[in-house]
Amino acid sequence: MKPSQDWDEQIPLLAEKALGYTFQDKQLLKQCFTHKSFADNNHEPDNERLEFLGDAVLQLAVSESLYLRETADEGSMTETRKRYVSREALTGAAKKAGILEFMRYAGGEDTIGGKTPSNLFEAVVAGIYLDGGMNAARAFLKRFLEEGEFCNYKSLLQEYVQERDKTKPEYVTRERDGGYGCTVRALGKEAEGFGKSKKLAEVSAAEQLLKLFKERTE
């Protein structure tokens, strides 16, 4: 990845294609991708204030999503939210979206290491929120964050079970209360989960069964 000294006519279009969102305010789009190292040298606004707002938008959007789709208690939802908004999760989402190549920065690539990918993702979330509102931000997050592999409880459960037995977890999913309910059984135990889709119900059930196994070993 090379530092982007400035955007030609095509770069904003490519950035918007990667985001899956078209900005009305093109200057705001540019600011989302402007690192402090570039801004200081070119007397432009950087994306640090957007990062601040993006963090709050993320917290609200993820909290709302968990509240609507989960039956877990407050403590469980808090732990799940931490994983969704962790640096690792946001870095993975930024890479999945392919947005790092549009970053405007000065110096070598070491300039944009560490927190830069996760900070960029937060800035983009804020930009989309300011430009298109909360529904646009939710749609962006659903595309790149909510389906991430960082929270794949089904895979974690299968690994846990197969380390102790050669069987696989069994899932039974049915429509329930405007969504789906799922029962998962493994190693002589079972747990239930609920979600707006079959996949989310299965993930929720897998999470609950993993917690049950963890409680047994503590």
# chains A, B, ... in the order shown; residues from 1 in each chain; ligands from 1

call {"tool": "residues_around", "arguments": {"residues": "Asp25 (chain A)", "least_positions_apart": "2", "cutoff": "12 Å", "atoms": "only C-alpha atoms", "output": "list in words"}}
result
Pro12, Glu16, Tyr21, Thr22, Phe23, Gln27, Leu28, Leu29, Lys30, Gln31, Cys32, Gly127, Ile128, Tyr129, Leu130, Asp131 and Gly132 of chain A

call {"tool": "residues_around", "arguments": {"residues": "Asn47 (chain A)", "least_positions_apart": "2", "cutoff": "9 Å", "atoms": "only C-alpha atoms", "output": "VMD selection string"}}
result
chain A and resid 31 to 36 39 45 49 to 52 119 to 120 123 to 124

call {"tool": "write_last_selection", "arguments": {"atoms": "N, CA and C atoms", "output": "short mmCIF file (atom, residue, chain, number, x, y, z; two decimals), in the first residue's frame"}}
result
data_model
loop_
_atom_site.label_atom_id
_atom_site.label_comp_id
_atom_site.auth_asym_id
_atom_site.auth_seq_id
_atom_site.Cartn_x
_atom_site.Cartn_y
_atom_site.Cartn_z
N GLN A 31 -12.39 13.34 4.37
CA GLN A 31 -11.92 13.48 5.75
C GLN A 31 -11.87 12.13 6.47
N CYS A 32 -12.83 11.27 6.17
CA CYS A 32 -12.84 9.94 6.80
C CYS A 32 -11.52 9.22 6.58
N PHE A 33 -10.91 9.43 5.43
CA PHE A 33 -9.70 8.70 5.05
C PHE A 33 -8.42 9.51 5.24
N THR A 34 -8.50 10.64 5.92
CA THR A 34 -7.33 11.50 6.08
C THR A 34 -6.67 11.29 7.44
N HIS A 35 -5.51 10.67 7.42
CA HIS A 35 -4.73 10.42 8.64
C HIS A 35 -4.09 11.73 9.12
N LYS A 36 -3.85 11.81 10.40
CA LYS A 36 -3.27 13.03 10.98
C LYS A 36 -1.94 13.38 10.33
N ALA A 39 -2.84 15.22 7.22
CA ALA A 39 -3.55 16.46 7.51
C ALA A 39 -2.60 17.55 8.02
N PRO A 45 -8.46 18.96 7.69
CA PRO A 45 -9.00 18.26 8.87
C PRO A 45 -8.72 16.76 8.79
N ARG A 49 -11.55 13.30 15.05
CA ARG A 49 -12.83 13.65 15.66
C ARG A 49 -13.93 12.69 15.18
N LEU A 50 -13.81 12.26 13.94
CA LEU A 50 -14.76 11.28 13.42
C LEU A 50 -14.62 9.94 14.15
N GLU A 51 -13.40 9.57 14.50
CA GLU A 51 -13.18 8.34 15.27
C GLU A 51 -13.95 8.39 16.58
N PHE A 52 -13.89 9.53 17.24
CA PHE A 52 -14.59 9.72 18.52
C PHE A 52 -16.09 9.48 18.36
N ASN A 119 -9.29 2.49 13.86
CA ASN A 119 -9.68 3.90 13.92
C ASN A 119 -10.32 4.36 12.61
N LEU A 120 -9.77 3.89 11.50
CA LEU A 120 -10.33 4.23 10.20
C LEU A 120 -11.76 3.72 10.08
N ALA A 123 -14.00 5.98 11.97
CA ALA A 123 -14.19 7.24 11.27
C ALA A 123 -15.19 7.10 10.13
N VAL A 124 -15.09 6.00 9.40
CA VAL A 124 -16.01 5.75 8.29
C VAL A 124 -17.44 5.58 8.81
#

call {"tool": "closest_residue", "arguments": {"among": "A:Glu122, A:Glu48, A:Asp8, A:Glu79", "to": "Ala94 (chain A)", "atoms": "only C-alpha atoms"}}
result
A:Glu122

call {"tool": "residues_around", "arguments": {"residues": "Gly114 (chain A)", "least_positions_apart": "5", "cutoff": "12 Å", "atoms": "only C-alpha atoms", "output": "tab-separated table (two decimals) with C-alpha atoms, in the first residue's frame"}}
result
chain	number	residue	atom	x	y	z
A	87	ARG	CA	-9.75	-3.50	18.01
A	88	GLU	CA	-9.34	-6.97	16.52
A	90	LEU	CA	-12.78	-3.56	13.78
A	91	THR	CA	-9.41	-4.24	12.17
A	109	GLU	CA	3.55	2.26	6.19
A	119	ASN	CA	-9.68	3.90	13.92
A	120	LEU	CA	-10.33	4.23	10.20

call {"tool": "residues_around", "arguments": {"residues": "region 197-199 of chain A", "least_positions_apart": "4", "cutoff": "8 Å", "atoms": "only C-alpha atoms", "output": "list in words"}}
result
Thr173, Arg174, Gly179, Tyr180, Gly181, Cys182 and Val203 of chain A

call {"tool": "select_by_dssp", "arguments": {"residues": "region 32-93 of chain A", "states": "helix (DSSP H, G or I)", "output": "ChimeraX atom specification"}}
result
/A:32,36-42,48-69,74-84,87-93

call {"tool": "residues_around", "arguments": {"residues": "Ala186 (chain A)", "least_positions_apart": "4", "cutoff": "9 Å", "atoms": "only C-alpha atoms", "output": "ChimeraX atom specification"}}
result
/A:157,161,167-170,190,209

call {"tool": "atom_distance", "arguments": {"atom1": "CA of Lys17 (chain A)", "atom2": "CA of Gly98 (chain A)"}}
result
10.1 Å

call {"tool": "atom_distance", "arguments": {"atom1": "CA of Lys196 (chain A)", "atom2": "CA of Lys95 (chain A)"}}
result
26.6 Å

call {"tool": "atom_distance", "arguments": {"atom1": "CA of Glu192 (chain A)", "atom2": "CA of Ala205 (chain A)"}}
result
4.8 Å

call {"tool": "closest_residue", "arguments": {"among": "A:Met134, A:Leu145, A:Val125, A:Met77", "to": "Ala93 (chain A)", "atoms": "only C-alpha atoms"}}
result
A:Leu145
